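**Q** Just so it is clear, I am handing over my_file_30.cif, which has mmCIF, C-alpha atoms.
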data_target
#
loop_
_atom_site.label_atom_id
_atom_site.label_comp_id
_atom_site.auth_asym_id
_atom_site.auth_seq_id
_atom_site.Cartn_x
_atom_site.Cartn_y
_atom_site.Cartn_z
CA MET A 1 14.19 -31.80 -15.17
CA THR A 2 15.51 -28.24 -15.52
CA LYS A 3 16.13 -26.46 -12.23
CA LEU A 4 14.15 -23.24 -11.96
CA PRO A 5 15.96 -20.01 -11.01
CA LYS A 6 15.42 -19.31 -7.32
CA VAL A 7 14.02 -16.03 -6.03
CA VAL A 8 14.29 -15.39 -2.28
CA HIS A 9 12.16 -12.77 -0.50
CA LEU A 10 13.70 -11.37 2.70
CA LEU A 11 11.48 -10.01 5.50
CA ASP A 12 12.47 -8.90 8.98
CA ASP A 13 9.11 -9.94 10.43
CA LEU A 14 6.95 -12.67 8.93
CA SER A 15 4.02 -11.57 11.10
CA LEU A 16 3.62 -8.28 9.20
CA GLY A 17 0.24 -8.91 7.60
CA GLY A 18 0.22 -6.64 4.56
CA VAL A 19 3.70 -7.40 3.25
CA THR A 20 3.42 -11.12 4.00
CA ARG A 21 0.03 -11.36 2.27
CA SER A 22 1.40 -9.54 -0.77
CA LEU A 23 3.90 -12.37 -1.31
CA GLU A 24 1.02 -14.72 -2.10
CA LEU A 25 1.16 -13.20 -5.59
CA PHE A 26 4.26 -15.31 -6.22
CA GLN A 27 2.18 -18.48 -5.90
CA HIS A 28 0.46 -17.52 -9.14
CA PRO A 29 0.93 -20.31 -11.73
CA ALA A 30 2.31 -17.89 -14.33
CA LEU A 31 5.17 -17.00 -11.95
CA LYS A 32 5.74 -20.43 -10.41
CA ARG A 33 6.05 -21.92 -13.87
CA HIS A 34 9.30 -20.01 -14.36
CA TYR A 35 10.76 -19.44 -10.88
CA ASP A 36 11.26 -21.17 -7.55
CA PHE A 37 10.19 -18.76 -4.79
CA ALA A 38 11.12 -18.85 -1.12
CA THR A 39 10.58 -16.51 1.84
CA GLU A 40 13.18 -16.07 4.59
CA GLU A 41 13.07 -14.13 7.85
CA VAL A 42 16.29 -12.26 8.58
CA HIS A 43 17.59 -9.92 11.26
CA PRO A 44 18.91 -6.80 9.53
CA ASP A 45 20.61 -5.60 12.72
CA TRP A 46 23.16 -8.39 12.17
CA SER A 47 26.44 -7.18 10.71
CA ILE A 48 26.88 -10.36 8.63
CA ALA A 49 24.12 -11.43 6.26
CA PRO A 50 23.33 -15.03 5.28
CA LYS A 51 24.44 -16.48 1.97
CA PHE A 52 21.65 -17.68 -0.30
CA ASP A 53 21.58 -19.99 -3.29
CA ALA A 54 19.44 -17.57 -5.30
CA ALA A 55 19.45 -15.88 -8.67
CA VAL A 56 17.47 -12.94 -7.27
CA ILE A 57 17.09 -11.66 -3.70
CA VAL A 58 14.21 -9.27 -2.95
CA VAL A 59 14.46 -7.17 0.23
CA HIS A 60 11.13 -6.14 1.77
CA PHE A 61 12.25 -4.33 4.95
CA SER A 62 13.02 -0.62 5.19
CA VAL A 63 16.54 0.59 4.56
CA SER A 64 18.09 2.69 7.33
CA TRP A 65 21.47 3.61 8.77
CA LYS A 66 21.04 0.64 11.11
CA THR A 67 20.46 -1.87 8.28
CA LEU A 68 23.18 -0.61 5.91
CA PRO A 69 25.94 -2.92 7.27
CA PHE A 70 23.65 -5.93 6.80
CA LEU A 71 22.76 -4.86 3.25
CA TYR A 72 26.39 -4.33 2.21
CA SER A 73 27.22 -7.73 3.69
CA LEU A 74 24.28 -9.22 1.79
CA ALA A 75 25.66 -7.85 -1.48
CA ALA A 76 29.21 -9.04 -0.75
CA ARG A 77 28.21 -12.56 0.29
CA ASN A 78 25.76 -12.95 -2.59
CA SER A 79 27.73 -11.33 -5.39
CA ARG A 80 26.23 -13.62 -8.04
CA SER A 81 22.68 -12.73 -7.07
CA SER A 82 20.73 -9.77 -8.39
CA LEU A 83 19.46 -7.65 -5.50
CA VAL A 84 16.06 -5.94 -5.54
CA LEU A 85 14.64 -3.50 -2.98
CA MET A 86 10.86 -3.34 -2.63
CA GLU A 87 10.24 0.12 -1.20
CA HIS A 88 7.06 -0.36 0.81
CA SER A 89 7.38 2.45 3.35
CA TYR A 90 8.94 5.79 2.56
CA SER A 91 7.12 8.63 0.83
CA ARG A 92 7.26 12.40 0.46
CA GLU A 93 4.61 12.92 3.16
CA TRP A 94 6.26 10.41 5.53
CA GLU A 95 9.55 12.29 5.24
CA GLY A 96 7.79 15.58 5.93
CA LEU A 97 6.17 14.23 9.08
CA TYR A 98 8.98 12.20 10.58
CA VAL A 99 12.39 13.29 9.26
CA SER A 100 14.02 16.33 10.83
CA GLU A 101 17.50 15.89 9.29
CA LYS A 102 16.52 15.47 5.67
CA ALA A 103 20.03 15.72 4.20
CA ARG A 104 21.23 12.87 6.40
CA PHE A 105 18.19 10.74 5.57
CA ARG A 106 18.60 11.32 1.85
CA SER A 107 22.31 10.44 2.01
CA MET A 108 21.32 7.13 3.59
CA LEU A 109 18.87 6.46 0.76
CA LYS A 110 21.57 7.07 -1.86
CA LEU A 111 24.02 4.74 -0.11
CA ALA A 112 21.37 2.04 0.20
CA HIS A 113 20.24 2.28 -3.41
CA LYS A 114 23.81 1.70 -4.64
CA ILE A 115 23.59 -1.84 -3.29
CA PHE A 116 20.64 -2.84 -5.45
CA ASP A 117 20.20 -3.74 -9.11
CA ARG A 118 16.58 -2.60 -8.99
CA VAL A 119 14.50 -0.49 -6.63
CA ILE A 120 10.77 -1.18 -6.98
CA CYS A 121 8.58 1.78 -6.10
CA VAL A 122 4.93 1.19 -5.23
CA SER A 123 3.58 4.34 -6.90
CA ASP A 124 4.56 6.95 -9.47
CA ALA A 125 4.45 9.58 -6.73
CA GLN A 126 7.00 7.66 -4.67
CA ALA A 127 9.21 7.15 -7.75
CA LEU A 128 9.17 10.88 -8.56
CA TRP A 129 10.01 11.79 -4.96
CA LEU A 130 12.94 9.34 -4.84
CA GLN A 131 14.23 10.74 -8.11
CA GLU A 132 14.13 14.25 -6.62
CA VAL A 133 15.70 13.47 -3.24
CA ALA A 134 17.98 10.48 -3.99
CA ASP A 135 18.59 10.76 -7.74
CA LEU A 136 17.01 7.34 -8.26
CA ARG A 137 16.34 6.99 -11.98
CA GLU A 138 15.38 4.47 -14.61
CA PRO A 139 16.41 1.79 -15.47
CA LYS A 140 17.30 1.00 -11.86
CA ARG A 141 13.98 2.43 -10.66
CA GLU A 142 10.76 0.62 -11.57
CA VAL A 143 7.14 0.99 -10.45
CA ILE A 144 4.92 -1.97 -9.56
CA TYR A 145 1.74 -1.33 -7.62
CA PRO A 146 1.25 -3.61 -4.58
CA TRP A 147 -1.11 -6.57 -4.55
CA SER A 148 -3.19 -8.54 -2.07
CA ASP A 149 -5.56 -11.47 -2.43
CA MET A 150 -8.79 -9.69 -3.36
CA GLN A 151 -10.80 -12.84 -3.97
CA GLY A 152 -14.51 -12.25 -3.49
CA LEU A 153 -14.45 -8.49 -4.03
CA VAL A 154 -15.35 -8.61 -7.72
CA GLN A 155 -18.39 -10.75 -6.87
CA LEU A 156 -19.84 -8.17 -4.48
CA SER A 157 -23.05 -6.54 -5.67
CA ARG A 158 -22.79 -2.88 -6.52
CA PRO A 159 -24.21 -0.46 -3.92
CA HIS A 160 -27.83 0.54 -4.48
CA PHE A 161 -27.45 4.15 -3.27
CA SER A 162 -31.09 4.04 -2.21
CA LEU A 163 -32.83 7.37 -1.70
CA LYS A 164 -34.67 5.80 1.24
CA GLU A 165 -31.56 4.74 3.15
CA PRO A 166 -28.57 6.70 4.46
CA ILE A 167 -25.30 6.30 2.55
CA THR A 168 -22.72 4.35 4.56
CA ILE A 169 -19.15 5.62 4.38
CA GLY A 170 -16.67 2.86 5.15
CA ALA A 171 -13.15 3.43 6.45
CA TYR A 172 -10.79 0.71 7.58
CA GLY A 173 -7.19 0.15 8.58
CA ARG A 174 -4.95 0.23 11.60
CA PHE A 175 -6.16 2.55 14.37
CA VAL A 176 -3.21 4.94 14.46
CA GLU A 177 -3.01 8.70 14.00
CA ASP A 178 -1.47 8.39 10.53
CA LYS A 179 -4.67 6.93 9.09
CA GLY A 180 -6.63 10.12 9.85
CA LEU A 181 -9.78 8.35 11.05
CA GLU A 182 -10.37 10.94 13.73
CA ARG A 183 -10.98 13.51 10.99
CA LEU A 184 -13.93 11.51 9.70
CA ILE A 185 -15.38 11.18 13.20
CA ASP A 186 -14.91 14.88 13.83
CA ALA A 187 -16.81 15.77 10.65
CA MET A 188 -19.62 13.31 11.44
CA ASN A 189 -20.06 14.94 14.83
CA LEU A 190 -20.58 18.31 13.12
CA LEU A 191 -23.44 17.12 10.91
CA ASP A 192 -26.97 17.93 11.95
CA ASP A 193 -29.50 15.31 13.07
CA LYS A 194 -31.02 15.12 9.58
CA ASN A 195 -27.82 14.00 7.88
CA GLU A 196 -28.12 11.21 5.33
CA VAL A 197 -24.79 9.48 5.92
CA LYS A 198 -23.45 6.93 8.36
CA LEU A 199 -19.86 6.02 9.15
CA LEU A 200 -18.67 2.43 9.60
CA ILE A 201 -15.09 2.07 10.86
CA GLY A 202 -13.22 -1.24 10.65
CA GLY A 203 -9.92 -2.23 12.18
CA PHE A 204 -8.04 -2.16 15.46
CA GLY A 205 -4.94 -0.61 16.99
CA PRO A 206 -3.56 1.54 19.79
CA ASP A 207 -5.92 4.47 19.13
CA GLU A 208 -9.12 2.41 19.43
CA ASP A 209 -10.19 3.85 22.79
CA LYS A 210 -9.44 7.38 21.59
CA LEU A 211 -11.53 6.96 18.44
CA LYS A 212 -14.45 5.49 20.36
CA ARG A 213 -14.34 8.37 22.85
CA LEU A 214 -14.44 10.85 19.94
CA ALA A 215 -17.44 9.05 18.46
CA GLY A 216 -19.20 9.11 21.81
CA SER A 217 -22.86 8.20 21.53
CA ASN A 218 -23.27 9.41 17.94
CA PRO A 219 -25.84 6.96 16.50
CA ASN A 220 -24.49 7.45 12.99
CA ILE A 221 -20.99 6.14 13.82
CA SER A 222 -20.37 2.44 14.40
CA PHE A 223 -17.31 0.20 14.77
CA TYR A 224 -17.07 -3.07 12.84
CA GLY A 225 -14.10 -4.56 14.70
CA PRO A 226 -11.03 -6.20 13.09
CA VAL A 227 -11.53 -6.67 9.35
CA GLU A 228 -10.72 -10.34 8.78
CA ARG A 229 -12.85 -10.52 5.63
CA VAL A 230 -12.59 -7.42 3.48
CA ASP A 231 -15.50 -8.53 1.30
CA ASP A 232 -17.84 -8.73 4.30
CA PHE A 233 -16.83 -5.28 5.51
CA LEU A 234 -17.08 -3.62 2.09
CA GLY A 235 -20.41 -5.35 1.51
CA GLN A 236 -21.79 -3.16 4.32
CA CYS A 237 -20.44 0.08 2.80
CA ASP A 238 -21.63 2.22 -0.09
CA VAL A 239 -18.47 4.30 -0.51
CA VAL A 240 -15.00 4.20 1.04
CA ALA A 241 -12.99 7.05 2.55
CA VAL A 242 -9.19 6.92 2.91
CA PRO A 243 -8.22 10.01 4.95
CA SER A 244 -4.58 8.94 5.51
CA LYS A 245 -1.88 11.50 6.26
CA PHE A 246 0.56 9.49 4.16
CA GLU A 247 0.40 6.37 2.00
CA SER A 248 3.13 5.06 -0.28
CA TYR A 249 0.33 3.47 -2.32
CA GLY A 250 -2.87 2.74 -0.39
CA LEU A 251 -4.05 -0.81 -1.12
CA VAL A 252 -7.34 -0.11 0.67
CA ALA A 253 -8.35 2.09 -2.27
CA THR A 254 -7.67 -0.72 -4.75
CA GLU A 255 -9.71 -3.18 -2.71
CA ALA A 256 -12.58 -0.69 -2.53
CA ARG A 257 -12.50 -0.06 -6.27
CA LEU A 258 -12.58 -3.75 -7.12
CA ALA A 259 -15.61 -4.02 -4.83
CA ALA A 260 -17.22 -1.24 -6.95
CA ARG A 261 -17.16 1.25 -4.07
CA PRO A 262 -16.44 4.88 -5.01
CA ILE A 263 -13.35 6.16 -3.23
CA PHE A 264 -12.77 9.51 -1.52
CA VAL A 265 -9.11 9.86 -0.63
CA SER A 266 -6.41 12.18 0.63
CA GLY A 267 -4.21 13.57 -2.10
CA VAL A 268 -1.10 11.86 -0.77
CA GLY A 269 1.27 9.25 -2.20
CA GLY A 270 -0.29 6.71 -4.51
CA LEU A 271 -3.87 7.44 -3.44
CA SER A 272 -4.39 10.24 -5.95
CA GLU A 273 -3.17 7.95 -8.76
CA GLN A 274 -6.07 5.61 -8.09
CA VAL A 275 -8.95 8.06 -8.27
CA GLY A 276 -9.59 8.70 -11.97
CA ASP A 277 -13.35 8.53 -12.48
CA SER A 278 -13.72 6.32 -9.39
CA GLY A 279 -14.16 9.09 -6.85
CA LEU A 280 -12.64 12.35 -5.63
CA ILE A 281 -9.64 13.71 -3.76
CA ILE A 282 -10.73 15.37 -0.50
CA ASP A 283 -8.77 17.78 1.68
CA PHE A 284 -9.27 15.95 4.96
CA ASP A 285 -7.18 18.59 6.76
CA ASP A 286 -10.01 21.07 6.11
CA ARG A 287 -12.92 20.24 8.43
CA VAL A 288 -15.33 22.44 6.47
CA SER A 289 -14.50 20.65 3.20
CA VAL A 290 -15.05 17.24 4.79
CA VAL A 291 -18.44 18.28 6.17
CA LYS A 292 -19.51 19.70 2.80
CA TRP A 293 -18.44 16.49 1.08
CA MET A 294 -20.53 14.41 3.48
CA GLU A 295 -23.54 16.70 3.10
CA GLY A 296 -23.35 16.57 -0.70
CA LEU A 297 -22.49 12.90 -1.05
CA ARG A 298 -25.92 11.84 -2.24
CA HIS A 299 -25.81 14.37 -5.09
CA MET A 300 -22.58 13.02 -6.58
CA PRO A 301 -22.49 10.64 -9.62
CA LEU A 302 -21.99 7.62 -7.36
CA ILE A 303 -23.32 5.05 -9.85
CA SER A 304 -20.88 6.04 -12.59
CA MET A 305 -18.07 6.20 -10.02
CA SER A 306 -18.95 2.67 -8.93
CA VAL A 307 -18.82 1.34 -12.50
CA ALA A 308 -15.51 3.09 -13.24
CA ALA A 309 -13.99 1.86 -9.98
CA ARG A 310 -14.46 -1.83 -10.73
CA GLU A 311 -13.59 -1.58 -14.42
CA ALA A 312 -10.23 0.00 -13.54
CA CYS A 313 -9.23 -2.97 -11.37
CA LEU A 314 -10.46 -6.05 -13.22
CA ARG A 315 -6.94 -7.00 -14.42
CA VAL A 316 -5.09 -6.04 -11.26
CA THR A 317 -3.61 -9.50 -10.64
CA GLU A 318 -2.60 -10.07 -14.26
CA GLN A 319 -0.95 -6.64 -14.39
CA ARG A 320 1.15 -7.31 -11.28
CA VAL A 321 2.15 -10.77 -12.52
CA GLU A 322 3.19 -9.41 -15.93
CA ALA A 323 5.27 -6.64 -14.33
CA TRP A 324 7.15 -9.06 -12.07
CA LEU A 325 7.73 -11.53 -14.91
CA GLU A 326 9.29 -8.77 -16.98
CA ILE A 327 11.63 -7.62 -14.21
CA LEU A 328 12.72 -11.09 -13.08
CA THR A 329 13.32 -12.23 -16.65
CA ASP A 330 15.39 -9.15 -17.35
CA LEU A 331 17.50 -9.64 -14.21
CA ILE A 332 18.19 -13.30 -14.94
CA LEU A 333 18.76 -13.05 -18.68
CA CYS A 334 20.77 -9.82 -18.42
CA PRO A 335 22.60 -10.15 -15.09
CA ALA A 336 24.96 -7.23 -15.69
CA SER A 337 24.66 -5.09 -12.57
CA LEU A 338 22.92 -1.72 -12.64
CA LYS A 339 24.24 -0.79 -9.20
CA ALA A 340 26.42 1.98 -10.62
CA ALA A 341 23.48 3.51 -12.53
#
Now, as a test, write the supplied structure out as structure tokens.

**A**
Amino acid sequence: MTKLPKVVHLLDDLSLGGVTRSLELFQHPALKRHYDFATEEVHPDWSIAPKFDAAVIVVHFSVSWKTLPFLYSLAARNSRSSLVLMEHSYSREWEGLYVSEKARFRSMLKLAHKIFDRVICVSDAQALWLQEVADLREPKREVIYPWSDMQGLVQLSRPHFSLKEPITIGAYGRFVEDKGLERLIDAMNLLDDKNEVKLLIGGFGPDEDKLKRLAGSNPNISFYGPVERVDDFLGQCDVVAVPSKFESYGLVATEARLAARPIFVSGVGGLSEQVGDSGLIIDFDDRVSVVKWMEGLRHMPLISMSVAAREACLRVTEQRVEAWLEILTDLILCPASLKAA
């Protein structure tokens, strides 16, 4: 029996839900037929990296000045392996919010990218930004949108958008400032008593008490709790808002689209790439614009948005599988390093 090439995914924390769940894609029969996949937890603050018996090693944790020694050790001790960086975190908006010494940060990115044969960006916006600030170019740079197990979403009934019932706006994610949920609550509190929208918020996190205080006793705002089943949550929503201050991609918007829910998103990162005919980009920094959007929601072409949303996502799994097959095959059949590119 022929031994399959081994692909090892490296994480610094196996409890990280989103990244860990995304690795379930590699259990797809079309990928497992050709490759042997394994997941390993590592400690990137170590100065010496483990040695792996792998044809390809995929790094899923963020590069930083602190992790550079580990990454250079990883390359040296695994010189026969192709190294791939999956860039889950950084984006143009993230840098603007959190990086004060941009030249130093960008120098770190350039040093880190030299280690890898491929850097996988999660959106075209992220790829363009990395080209601008770190000179990361094709063929080393590739774009593959993220994936999660969206089973059950395509079976959800489309929203009815009944004229007799209020429209429910759903928003879900971790309760932190970056997700911008307080901006939705603020706008809801400005609507008059005759408004025809409700807000359902799902998730949990450190800002939960703050968000509930902002909502107060507003009868049109409710909290779902932790979203353990995305299909159940989205089944209670008519449309989905993603008011994030930054998103490298924004998997919530993909899940909502597959569930045939129109999306209304911030124009940041990969969110704007997902809109098309499925919804609109909203300036959630402008309170007046958010209120006007809520007031006019019923008059928008929600049915056609719903249809377009689902149609755009029906092949999401197949597309991700095909993209990974192409990259892994290229790395194994053509192992010449692109690190100098």

**Q** Can you work out which one of A:Trp46, A:Leu184, A:Glu196, A:Ser278 has the shortest atom-to-atom distance to Phe161 (chain A), counting only C-alpha atoms?

**A**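 Smallest distance to Phe161 (chain A) is found for A:Glu196.
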
**Q** Written as an mmCIF file with C-alpha atoms, in the frame of the given file, what is the full residue list that the PyMOL selection byres ((chain A and resi 177) around 10) yields on the file shown?

**A**
data_model
loop_
_atom_site.group_PDB
_atom_site.id
_atom_site.type_symbol
_atom_site.label_atom_id
_atom_site.label_comp_id
_atom_site.auth_asym_id
_atom_site.auth_seq_id
_atom_site.Cartn_x
_atom_site.Cartn_y
_atom_site.Cartn_z
ATOM 1 C CA ARG A 174 -4.950 0.230 11.600
ATOM 2 C CA PHE A 175 -6.160 2.550 14.370
ATOM 3 C CA VAL A 176 -3.210 4.940 14.460
ATOM 4 C CA ASP A 178 -1.470 8.390 10.530
ATOM 5 C CA LYS A 179 -4.670 6.930 9.090
ATOM 6 C CA GLY A 180 -6.630 10.120 9.850
ATOM 7 C CA LEU A 181 -9.780 8.350 11.050
ATOM 8 C CA GLU A 182 -10.370 10.940 13.730
ATOM 9 C CA ARG A 183 -10.980 13.510 10.990
ATOM 10 C CA GLY A 205 -4.940 -0.610 16.990
ATOM 11 C CA PRO A 206 -3.560 1.540 19.790
ATOM 12 C CA ASP A 207 -5.920 4.470 19.130
ATOM 13 C CA LEU A 211 -11.530 6.960 18.440
ATOM 14 C CA SER A 244 -4.580 8.940 5.510
ATOM 15 C CA LYS A 245 -1.880 11.500 6.260
#

**Q** Just the residues within 7 Å of Gly203 (chain A), please, counting all atoms listed in the file, with nothing from its chain fewer than 6 positions along; format it as a ChimeraX atom specification.

**A** /A:172-175,225-227

**Q** Could you jot down the CA of Cys334 (chain A) to CA of Glu87 (chain A) separation for me, Å, one decimal place?

**A**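 Separation between CA of Cys334 (chain A) and CA of Glu87 (chain A): 22.5 Å.
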
**Q** To one decimal place in Å, what is the distance between CA of Tyr145 (chain A) and CA of Tyr72 (chain A)?

**A** 26.7 Å

**Q** Please write as a PyMOL selection string the full residue list that the PyMOL selection byres ((chain A and resi 52) around 9) yields on this file.

**A** chain A and resi 8+50-51+53-55+57+77-78+81

**Q** Return as a PyMOL selection string the set of residues that the PyMOL selection byres ((chain A and resi 257-262) around 6) yields on the displayed structure.

**A** chain A and resi 153-154+156+158+239+254-256+263+278-279+305-306+309-310+313

**Q** Closest to Lys194 (chain A) among A:Asp285, A:Glu295, A:Asp45, A:Val84, using all atoms listed in the file?

**A**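 Closest to Lys194 (chain A) of all the choices is A:Glu295.
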
**Q** How many Å separate CA of Leu200 (chain A) from CA of Arg213 (chain A)?

**A**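 Between CA of Leu200 (chain A) and CA of Arg213 (chain A) the gap works out to 15.2 Å.
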
**Q** Build an axis-aligned box that encloses every atom of region 218-237 of chain A listed in the file, pad it by 8 Å on each side, and report its centre and edge lengths in Å to one decimal, as lines of an AutoDock Vina configuration file.

**A**
center_x = -18.3
center_y = -0.6
center_z = 9.6
size_x = 31.1
size_y = 35.9
size_z = 32.6

**Q** Restricting the calculation to all atoms listed in the file: of A:Ala75, A:Asp277, A:Glu318, A:Ser100, which residue gets closest to Ile303 (chain A)?

**A**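 When distances to Ile303 (chain A) are compared using all atoms listed in the file, the smallest one comes from A:Asp277.
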
**Q** May I have the residues within 9 Å of His88 (chain A) as number ranges by chain, using only C-alpha atoms and disregarding those fewer than 4 positions away in the same chain?

**A** A: 19, 60-62, 120-122, 146, 248-249

**Q** Just the residues within 10 Å of Pro44 (chain A), please, counting only C-alpha atoms, with nothing from its chain fewer than 3 positions along; format it as a list of chain:residue names.

**A**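 So, after excluding close chain neighbours, the residues are A:Leu10, A:Leu11, A:Asp12, A:Glu41, A:Ser47, A:Ile48, A:Ala49, A:Phe61, A:Ser62, A:Val63, A:Ser64, A:Lys66, A:Thr67, A:Leu68, A:Pro69, A:Phe70, A:Leu71, A:Leu74.
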
**Q** Just want the 10 Å neighbourhood of Val290 (chain A), counted on all atoms listed in the file, with same-chain residues fewer than 3 positions away dropped. Output as a list in words.

**A** Arg183, Leu184, Asp186, Ala187, Met188, Pro243, Ile282, Asp283, Phe284, Asp285, Asp286, Arg287, Trp293, Met294, Glu295 and Gly296 of chain A

**Q** Using only C-alpha atoms, which residue out of A:Leu302, A:Cys237, A:Ile144, A:Ser73 lies closest to Leu325 (chain A)?

**A**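 Checking each of A:Leu302, A:Cys237, A:Ile144, A:Ser73 against Leu325 (chain A), counting only C-alpha atoms, the winner is A:Ile144.
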